[in-house]
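Structure file start_29.cif (mmCIF, C-alpha atoms) is printed below.
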data_run
#
loop_
_atom_site.label_atom_id
_atom_site.label_comp_id
_atom_site.auth_asym_id
_atom_site.auth_seq_id
_atom_site.Cartn_x
_atom_site.Cartn_y
_atom_site.Cartn_z
CA MET A 1 104.31 -10.03 38.21
CA GLN A 2 103.49 -8.30 41.50
CA GLN A 3 106.28 -8.04 44.05
CA ARG A 4 105.77 -10.53 46.88
CA LEU A 5 104.45 -8.81 49.99
CA ILE A 6 106.61 -9.03 53.09
CA TRP A 7 104.89 -7.75 56.21
CA PRO A 8 106.79 -4.94 58.01
CA ALA A 9 109.11 -5.91 60.83
CA GLU A 10 106.83 -4.12 63.34
CA GLY A 11 104.38 -7.01 62.96
CA HIS A 12 100.76 -6.47 63.99
CA ALA A 13 101.45 -2.82 64.88
CA ALA A 14 102.03 -1.97 61.20
CA LEU A 15 99.89 -2.17 58.09
CA PRO A 16 101.37 -2.40 54.58
CA TYR A 17 99.08 -0.27 52.42
CA ARG A 18 99.34 -2.69 49.50
CA ILE A 19 96.84 -5.05 51.18
CA TYR A 20 94.10 -2.52 50.36
CA SER A 21 94.60 -2.42 46.59
CA ASP A 22 96.66 -5.39 45.40
CA THR A 23 94.59 -7.60 43.07
CA ASP A 24 96.55 -10.79 43.84
CA ILE A 25 96.05 -10.31 47.58
CA TYR A 26 92.36 -9.60 47.00
CA GLN A 27 91.90 -12.84 45.04
CA ARG A 28 93.59 -14.75 47.84
CA GLU A 29 91.22 -13.09 50.35
CA LEU A 30 88.20 -14.29 48.38
CA GLU A 31 89.52 -17.86 48.34
CA ARG A 32 90.90 -18.14 51.86
CA ILE A 33 88.59 -15.87 53.85
CA PHE A 34 85.17 -15.68 52.20
CA GLU A 35 85.29 -19.18 50.69
CA GLY A 36 87.36 -20.62 53.52
CA PRO A 37 86.42 -22.83 56.48
CA GLY A 38 84.25 -20.30 58.35
CA TRP A 39 80.65 -19.15 58.60
CA ALA A 40 79.36 -16.16 56.61
CA TYR A 41 76.11 -14.36 57.35
CA VAL A 42 73.50 -14.75 54.59
CA ALA A 43 69.98 -14.00 55.93
CA LEU A 44 67.50 -13.80 58.77
CA GLU A 45 64.98 -16.61 59.12
CA ALA A 46 62.33 -13.90 59.31
CA GLU A 47 63.07 -13.15 55.64
CA LEU A 48 62.24 -16.75 54.67
CA PRO A 49 59.12 -17.67 56.65
CA GLU A 50 57.30 -19.83 54.06
CA PRO A 51 58.28 -22.85 51.93
CA GLY A 52 59.57 -21.59 48.60
CA ASP A 53 60.80 -18.26 49.99
CA PHE A 54 64.27 -17.37 48.76
CA ARG A 55 66.85 -14.64 49.09
CA VAL A 56 69.83 -13.97 46.82
CA THR A 57 72.97 -12.61 48.45
CA LYS A 58 76.74 -12.80 48.10
CA ILE A 59 79.55 -14.40 50.05
CA GLY A 60 82.61 -12.57 48.87
CA GLU A 61 81.86 -12.07 45.19
CA ARG A 62 79.97 -15.35 44.71
CA SER A 63 76.22 -15.06 44.32
CA VAL A 64 74.28 -17.61 46.36
CA VAL A 65 70.62 -18.51 46.80
CA ILE A 66 69.25 -19.17 50.29
CA THR A 67 65.83 -20.80 50.24
CA ARG A 68 63.36 -22.74 52.36
CA ASP A 69 62.34 -26.03 50.76
CA GLN A 70 58.90 -27.61 50.90
CA ASP A 71 59.82 -29.48 54.10
CA GLY A 72 60.74 -26.21 55.82
CA THR A 73 64.51 -26.82 55.75
CA LEU A 74 66.80 -23.93 54.83
CA ARG A 75 69.08 -24.64 51.88
CA GLY A 76 71.84 -22.80 50.08
CA PHE A 77 73.51 -23.22 46.69
CA LEU A 78 75.50 -21.28 44.12
CA ASN A 79 73.45 -18.99 41.92
CA ARG A 80 74.65 -20.31 38.60
CA CYS A 81 73.39 -22.97 36.21
CA ALA A 82 75.46 -26.15 35.99
CA HIS A 83 75.05 -26.12 32.20
CA ARG A 84 76.72 -22.92 31.02
CA GLY A 85 77.20 -20.91 34.19
CA VAL A 86 74.32 -18.48 33.63
CA LYS A 87 72.96 -16.74 36.72
CA LEU A 88 69.80 -18.58 37.69
CA CYS A 89 68.02 -16.13 39.95
CA ARG A 90 67.93 -12.44 39.06
CA GLN A 91 65.50 -11.28 41.74
CA GLN A 92 66.77 -10.30 45.16
CA ARG A 93 63.98 -12.19 46.93
CA GLY A 94 60.74 -14.00 46.16
CA ASN A 95 58.95 -17.33 46.37
CA SER A 96 59.37 -20.24 43.97
CA ARG A 97 59.45 -24.04 44.06
CA PHE A 98 61.83 -24.20 41.12
CA PHE A 99 64.69 -22.12 39.74
CA VAL A 100 64.82 -22.05 35.95
CA CYS A 101 67.81 -20.92 33.90
CA PRO A 102 66.78 -18.16 31.47
CA TYR A 103 69.14 -19.46 28.77
CA HIS A 104 68.25 -23.13 28.18
CA GLN A 105 65.58 -23.62 30.86
CA TRP A 106 67.40 -26.17 32.96
CA SER A 107 65.41 -26.23 36.21
CA TYR A 108 66.41 -26.95 39.80
CA ASP A 109 64.47 -27.53 43.00
CA ALA A 110 65.03 -25.83 46.36
CA GLN A 111 67.80 -28.30 47.20
CA GLY A 112 69.69 -27.40 44.04
CA ARG A 113 68.91 -30.75 42.40
CA LEU A 114 68.59 -30.73 38.61
CA ARG A 115 64.95 -31.60 37.80
CA GLY A 116 64.40 -30.64 34.20
CA VAL A 117 66.48 -30.57 30.99
CA PRO A 118 64.59 -29.55 27.83
CA PHE A 119 65.08 -31.96 24.92
CA ILE A 120 66.96 -34.38 27.15
CA ASN A 121 65.86 -37.23 24.84
CA GLY A 122 66.21 -35.18 21.67
CA VAL A 123 63.55 -34.26 19.10
CA LYS A 124 62.35 -36.77 16.52
CA GLN A 125 65.15 -39.13 17.51
CA GLN A 126 67.76 -36.45 16.90
CA GLY A 127 70.09 -34.82 19.40
CA GLY A 128 69.51 -35.09 23.12
CA MET A 129 71.86 -35.84 25.95
CA PRO A 130 74.15 -38.88 25.93
CA GLU A 131 72.78 -42.06 27.52
CA ASP A 132 75.18 -41.71 30.43
CA PHE A 133 74.00 -38.18 31.28
CA SER A 134 73.08 -38.02 34.98
CA ARG A 135 70.94 -35.32 36.57
CA GLU A 136 72.49 -36.17 39.94
CA GLN A 137 75.96 -35.26 38.69
CA HIS A 138 74.79 -31.80 37.64
CA ALA A 139 73.26 -30.57 40.87
CA LEU A 140 74.22 -27.08 42.03
CA PRO A 141 77.12 -26.87 44.52
CA SER A 142 75.48 -26.67 47.93
CA LEU A 143 76.41 -24.71 51.03
CA ARG A 144 76.46 -25.84 54.63
CA ILE A 145 73.78 -23.96 56.58
CA HIS A 146 73.65 -23.13 60.28
CA VAL A 147 70.85 -21.23 62.01
CA ARG A 148 71.23 -19.74 65.48
CA ASN A 149 68.29 -17.96 67.07
CA GLY A 150 66.92 -16.78 63.75
CA VAL A 151 70.20 -15.79 62.06
CA VAL A 152 71.33 -17.82 59.04
CA PHE A 153 74.99 -18.50 58.26
CA ALA A 154 76.47 -20.46 55.36
CA SER A 155 79.82 -22.02 54.53
CA PHE A 156 81.50 -23.31 51.38
CA ALA A 157 83.52 -25.72 53.51
CA ALA A 158 82.59 -29.38 53.54
CA ASP A 159 83.29 -29.62 57.26
CA PRO A 160 83.11 -26.16 58.87
CA PRO A 161 83.78 -25.81 62.62
CA PRO A 162 80.89 -25.93 65.11
CA PHE A 163 79.36 -22.47 65.13
CA GLU A 164 79.67 -22.10 68.92
CA ASP A 165 83.39 -22.84 68.75
CA TYR A 166 83.73 -20.51 65.76
CA LEU A 167 82.36 -17.52 67.68
CA GLY A 168 83.98 -18.23 71.03
CA GLU A 169 82.54 -17.73 74.50
CA ALA A 170 82.44 -13.92 74.76
CA ASN A 171 81.20 -13.33 71.23
CA LEU A 172 78.59 -16.07 71.55
CA HIS A 173 77.32 -14.46 74.78
CA TYR A 174 76.83 -11.05 73.14
CA PHE A 175 75.40 -12.61 69.98
CA ASP A 176 72.78 -14.40 72.09
CA ARG A 177 72.19 -11.19 74.02
CA VAL A 178 70.59 -9.67 70.90
CA PHE A 179 69.45 -12.90 69.26
CA ASP A 180 67.98 -14.48 72.37
CA GLY A 181 65.49 -16.80 70.71
CA ARG A 182 62.63 -14.34 70.34
CA ALA A 183 61.09 -14.19 66.88
CA LEU A 184 62.53 -11.36 64.80
CA THR A 185 60.81 -8.95 62.46
CA VAL A 186 62.49 -7.05 59.63
CA LEU A 187 61.90 -3.29 59.76
CA GLY A 188 63.70 -2.25 56.60
CA TYR A 189 66.77 -2.30 54.40
CA SER A 190 69.43 0.10 53.19
CA ARG A 191 72.51 -0.46 51.08
CA GLN A 192 75.41 1.60 49.83
CA LEU A 193 78.51 1.31 47.68
CA ILE A 194 81.60 2.59 49.48
CA PRO A 195 84.78 3.29 47.44
CA GLY A 196 87.21 1.62 49.82
CA ASN A 197 88.68 -1.78 50.61
CA TRP A 198 86.32 -4.05 52.57
CA LYS A 199 88.80 -4.42 55.45
CA LEU A 200 88.53 -0.70 56.18
CA MET A 201 84.93 -1.25 57.28
CA PHE A 202 85.91 -4.02 59.68
CA GLU A 203 88.78 -1.89 60.99
CA ASN A 204 86.39 1.00 61.54
CA ILE A 205 84.06 -1.02 63.76
CA LYS A 206 87.02 -2.51 65.66
CA ASP A 207 88.44 0.99 66.23
CA PRO A 208 87.07 2.82 69.29
CA TYR A 209 89.94 5.33 69.05
CA HIS A 210 88.23 7.22 66.22
CA ALA A 211 84.69 7.15 67.61
CA SER A 212 85.13 10.02 70.07
CA LEU A 213 87.03 12.11 67.52
CA LEU A 214 85.41 11.61 64.12
CA HIS A 215 81.81 11.26 65.35
CA VAL A 216 81.22 14.64 66.93
CA PHE A 217 77.50 13.80 67.17
CA LEU A 218 78.27 10.92 69.55
CA VAL A 219 80.34 13.11 71.85
CA THR A 220 78.09 16.17 71.68
CA PHE A 221 75.08 14.17 72.85
CA GLY A 222 76.93 11.77 75.16
CA LEU A 223 76.24 8.57 73.24
CA PHE A 224 79.86 7.35 73.05
CA ARG A 225 82.97 8.88 74.59
CA ALA A 226 86.45 7.72 75.45
CA ASP A 227 85.95 8.25 79.20
CA GLN A 228 82.82 6.13 79.50
CA LYS A 229 82.80 2.67 81.07
CA SER A 230 83.78 0.40 78.20
CA ALA A 231 85.55 -2.74 77.08
CA VAL A 232 87.09 -4.34 74.00
CA ARG A 233 86.75 -8.11 73.79
CA MET A 234 88.07 -10.61 71.23
CA ASP A 235 87.74 -14.32 70.66
CA GLY A 236 90.81 -16.53 70.98
CA THR A 237 91.81 -16.06 67.33
CA GLY A 238 91.30 -12.28 67.12
CA ARG A 239 89.06 -12.52 64.06
CA HIS A 240 85.87 -11.48 65.93
CA ALA A 241 85.61 -8.54 68.32
CA LEU A 242 83.25 -6.56 70.56
CA LEU A 243 83.19 -2.88 71.44
CA ILE A 244 81.03 -2.45 74.54
CA SER A 245 80.18 0.92 76.05
CA GLN A 246 77.85 2.43 78.65
CA ARG A 247 76.39 5.87 78.04
CA GLY A 248 77.43 8.62 80.43
CA GLU A 249 75.77 11.89 81.39
CA ALA A 250 78.64 14.41 81.45
CA ARG A 251 79.06 16.55 78.33
CA HIS A 252 82.51 18.05 79.04
CA SER A 253 85.61 16.34 80.46
CA GLU A 254 89.22 15.50 79.69
CA ALA A 255 87.96 13.21 76.91
CA THR A 256 86.47 16.12 74.96
CA GLN A 257 89.45 18.51 75.13
CA ASP A 258 91.05 17.25 71.89
CA ILE A 259 87.85 17.55 69.84
CA ALA A 260 88.23 20.89 68.10
CA ASN A 261 84.77 21.01 66.52
CA LEU A 262 82.75 19.87 69.54
CA ARG A 263 79.55 21.93 69.82
CA GLU A 264 78.21 21.79 73.35
CA ASP A 265 75.55 24.37 72.53
CA PHE A 266 73.82 22.07 70.02
CA THR A 267 70.37 20.73 70.86
CA LEU A 268 68.00 18.53 68.90
CA ALA A 269 64.82 19.92 67.37
CA ASP A 270 63.25 16.51 68.10
CA PRO A 271 64.79 15.09 71.31
CA ARG A 272 62.94 11.80 70.80
CA LEU A 273 65.85 10.76 68.58
CA LEU A 274 67.85 10.28 71.80
CA ASP A 275 65.14 8.78 73.99
CA PRO A 276 66.34 5.21 74.57
CA VAL A 277 64.78 2.76 77.01
CA LYS A 278 66.59 -0.09 78.73
CA GLU A 279 65.79 -3.47 77.18
CA PHE A 280 68.80 -5.72 77.84
CA PRO A 281 69.75 -7.13 81.25
CA ASP A 282 73.22 -5.53 81.34
CA THR A 283 74.15 -1.84 81.42
CA ALA A 284 75.71 -1.61 77.93
CA THR A 285 74.06 1.01 75.71
CA VAL A 286 76.30 0.35 72.68
CA VAL A 287 77.58 -3.04 71.53
CA MET A 288 79.25 -3.30 68.13
CA GLN A 289 80.20 -6.85 67.17
CA THR A 290 82.31 -7.84 64.18
CA ILE A 291 81.98 -11.45 63.04
CA TRP A 292 84.56 -12.67 60.51
CA PRO A 293 84.33 -12.50 57.57
CA ASN A 294 81.32 -10.36 56.62
CA LEU A 295 79.02 -9.32 59.49
CA ILE A 296 78.58 -6.43 61.90
CA VAL A 297 75.92 -6.76 64.61
CA GLN A 298 74.91 -3.31 65.80
CA GLN A 299 73.09 -2.27 68.97
CA GLN A 300 73.12 1.48 69.45
CA SER A 301 70.56 2.41 72.12
CA ASN A 302 67.40 0.68 70.79
CA THR A 303 68.24 0.53 67.12
CA LEU A 304 69.26 -2.96 65.99
CA ALA A 305 70.84 -3.74 62.66
CA LEU A 306 73.00 -6.18 60.75
CA ARG A 307 75.57 -4.87 58.31
CA GLN A 308 76.69 -7.36 55.68
CA ILE A 309 79.93 -6.66 53.81
CA GLN A 310 80.08 -7.66 50.13
CA PRO A 311 83.45 -6.84 48.52
CA ARG A 312 83.49 -5.57 44.94
CA GLY A 313 87.12 -5.64 43.93
CA PRO A 314 90.02 -4.50 46.08
CA GLU A 315 88.88 -0.85 46.22
CA ALA A 316 85.11 -1.00 46.80
CA PHE A 317 82.47 -2.88 48.76
CA GLU A 318 78.72 -2.90 49.25
CA LEU A 319 77.36 -2.52 52.76
CA HIS A 320 73.91 -4.05 53.16
CA TRP A 321 71.94 -2.95 56.22
CA THR A 322 69.06 -4.96 57.68
CA PHE A 323 67.14 -3.20 60.46
CA PHE A 324 65.14 -5.46 62.74
CA GLY A 325 63.22 -5.72 65.98
CA TYR A 326 61.35 -8.40 67.87
CA ALA A 327 57.97 -9.78 66.92
CA ASP A 328 56.63 -8.92 70.39
CA ASP A 329 57.69 -5.24 70.19
CA ASP A 330 54.80 -2.85 70.72
CA ALA A 331 54.15 0.02 68.30
CA ALA A 332 56.02 2.52 70.46
CA MET A 333 59.19 0.40 70.49
CA THR A 334 59.04 -0.14 66.73
CA THR A 335 58.73 3.61 66.19
CA ARG A 336 61.65 4.18 68.59
CA ARG A 337 63.86 1.69 66.71
CA LEU A 338 63.04 3.31 63.36
CA ARG A 339 63.62 6.82 64.66
CA GLN A 340 66.97 5.88 66.18
CA ALA A 341 67.96 4.24 62.89
CA ASN A 342 68.64 7.80 61.71
CA LEU A 343 71.84 7.56 63.79
CA MET A 344 73.22 4.41 62.20
CA SER A 345 72.32 3.81 58.55
CA SER A 346 73.78 4.42 55.10
CA ALA A 347 72.95 8.13 55.52
CA GLY A 348 73.04 8.17 59.31
CA LEU A 349 73.93 11.18 61.42
CA VAL A 350 76.84 9.12 62.78
CA SER A 351 77.71 6.38 60.28
CA GLY A 352 77.73 8.76 57.31
CA ASP A 353 81.05 9.94 58.75
CA ASP A 354 82.50 6.44 58.37
CA SER A 355 81.56 6.13 54.70
CA GLU A 356 83.28 9.40 53.88
CA VAL A 357 86.44 8.76 55.88
CA ILE A 358 86.82 5.26 54.36
CA LYS A 359 86.76 6.87 50.91
CA LEU A 360 89.39 9.37 52.06
CA ALA A 361 91.51 6.54 53.49
CA GLN A 362 91.41 4.63 50.20
CA ASP A 363 92.37 7.79 48.30
CA GLY A 364 95.41 8.30 50.51
CA ILE A 365 96.41 4.64 50.39
CA ARG A 366 96.19 4.53 46.59
CA GLU A 367 98.65 7.42 46.32
CA ASN A 368 101.10 5.82 48.79
CA VAL A 369 100.74 2.10 48.13
CA ASP A 370 104.31 1.16 49.12
CA THR A 371 104.21 2.81 52.55
CA THR A 372 102.96 1.58 55.92
CA GLY A 373 100.33 2.57 58.47
CA VAL A 374 100.75 2.56 62.25
CA LEU A 375 98.70 0.67 64.88
CA LEU A 376 100.29 1.70 68.18
CA MET A 377 97.43 3.23 70.19
CA GLY A 378 97.22 1.29 73.44
CA GLY A 379 100.55 -0.46 72.85
CA ARG A 380 101.30 -3.50 70.72
CA GLY A 381 99.06 -6.06 72.41
CA THR A 382 96.25 -8.06 70.81
CA GLY A 383 94.28 -8.92 73.95
CA ASP A 384 91.15 -7.63 75.65
CA GLU A 385 91.07 -4.09 77.05
CA ASP A 386 88.88 -2.29 79.61
CA HIS A 387 89.01 1.06 77.83
CA MET A 388 88.45 2.55 74.39
CA VAL A 389 91.76 4.32 73.74
CA THR A 390 93.22 1.35 71.91
CA GLU A 391 93.72 -0.32 68.53
CA ALA A 392 94.07 -3.79 70.06
CA ALA A 393 91.11 -5.25 68.15
CA ILE A 394 92.55 -4.14 64.80
CA ARG A 395 95.94 -5.63 65.70
CA ALA A 396 94.21 -8.90 66.69
CA PHE A 397 92.28 -8.90 63.40
CA TYR A 398 95.48 -8.61 61.38
CA LYS A 399 97.23 -11.21 63.48
CA HIS A 400 94.58 -13.69 62.37
CA TYR A 401 94.46 -12.26 58.84
CA ARG A 402 98.19 -12.83 58.37
CA GLU A 403 97.89 -16.44 59.52
CA VAL A 404 95.02 -17.18 57.13
CA MET A 405 96.66 -15.35 54.23
CA GLU A 406 100.19 -16.62 55.02
CA LEU A 407 101.67 -13.12 54.79
#
Could you render the structure from this file as structure tokens?
Amino acid sequence: MQQRLIWPAEGHAALPYRIYSDTDIYQRELERIFEGPGWAYVALEAELPEPGDFRVTKIGERSVVITRDQDGTLRGFLNRCAHRGVKLCRQQRGNSRFFVCPYHQWSYDAQGRLRGVPFINGVKQQGGMPEDFSREQHALPSLRIHVRNGVVFASFAADPPPFEDYLGEANLHYFDRVFDGRALTVLGYSRQLIPGNWKLMFENIKDPYHASLLHVFLVTFGLFRADQKSAVRMDGTGRHALLISQRGEARHSEATQDIANLREDFTLADPRLLDPVKEFPDTATVVMQTIWPNLIVQQQSNTLALRQIQPRGPEAFELHWTFFGYADDDAAMTTRRLRQANLMSSAGLVSGDDSEVIKLAQDGIRENVDTTGVLLMGGRGTGDEDHMVTEAAIRAFYKHYREVMEL
């Protein structure tokens, strides 16, 4: 029996390392967070343009099918046969009117309704299902679906909160800033397996403190620095957050003095990598948005991407990247978005740092599971900040986490 976890007396300014490796805590996270009363990202509408199109993804560790039925409505259901639990759909995406179990060929339509049962009436008056067998009672468990400006979310909850209330005013504003109603187009995918707890990825995106120190590329080329005009914004619960920054021009200042390996003499062989153009009405050049429980919305210059977190046990997770643009982008903008994707991707010049340091964090945590981390940069508060030298968004995240998990 695992020892019951008591959170340190320091509250939200401390992190017990056991939450990153404890199997009981991880199982509770799957039940209360990923399968709880919220909205999880599952797809872009642009990936499902035609009736019969489907995509298989995961919410937590549960495989789900998202599909467009013959009436054009988006549906979602668990990816497992109601008969013996066999995984129905083994392809990542495709087009089909029916989903047929490979074991006994039970078949389901795009709404998850059971349509066909081989030998339901037996063979030569032998066998078959009982007379009271009902197809309706063996439909696949369905998900609630919500679509906002081309982005598809799903929930296991029977009565999830209105999506607008779920995001909150500030997060909804910045979500609609990127997803403003224009048709989207998918530019490509990338995915990686990172040997660290899934929460470390959310922490990383909520943590502007590290960005000017770990990511020397950002500082060297002025993309993101601690002294730039910036803000950290949360929703009322603390579960979602925004890091907002405006690119500056100076290469050397007080904010670079603590960066030992800064190389101000570096130049790019192809400067087009850092050739952004203004496309949003505000002055922000970087907006990183974390949406509980599994989504990161990334705008770095002109590269746009979604990062979907799929946990795989307490000490690993998959990070699925979807790069996108707008259907009305010209060829030059599409090329610009793809070129800038070299900054932020599974092997990006910047985000590759995060994958490695998350692995190093998990290694250190595993060896010191009964000790505690510190979250004191910027004080102990969990509210909005107008600077980047803070861990307020991580503290707010764990404030909400503790409430949901009852820790």
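Distances from A:Phe77, A:Tyr209, A:Tyr326, A:Tyr17 to Tyr108 of chain A were compared using all atoms listed in the file, and the smallest one belongs to A:Phe77.
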Would you list the contacts of Gly52 of chain A as a ChimeraX atom specification, taking every protein, DNA or RNA residue within 10 Å and counting only C-alpha atoms, but skipping same-chain residues closer than 2 positions in sequence?
/A:48-50,54,67-72,74,94-98,109-110
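A straight line drawn from atom CA of Pro37 of chain A to atom CA of Met405 of chain A is 12.9 Å long.
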Measuring atom to atom with all atoms listed in the file, identify which of A:Asp235, A:Glu61, A:Asp22, A:Asp132 is nearest to Glu169 of chain A.
A:Asp235
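With distances restricted to all atoms listed in the file, A:Thr290 is the closest residue to Ile394 of chain A from A:Thr371, A:Asn342, A:Thr290, A:Gln246.
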Expected selection from the PyMOL selection byres ((chain A and resi 19) around 10), given as number ranges by chain:
A: 5, 7, 15-18, 20-26, 29, 197, 199, 314, 365, 369-370
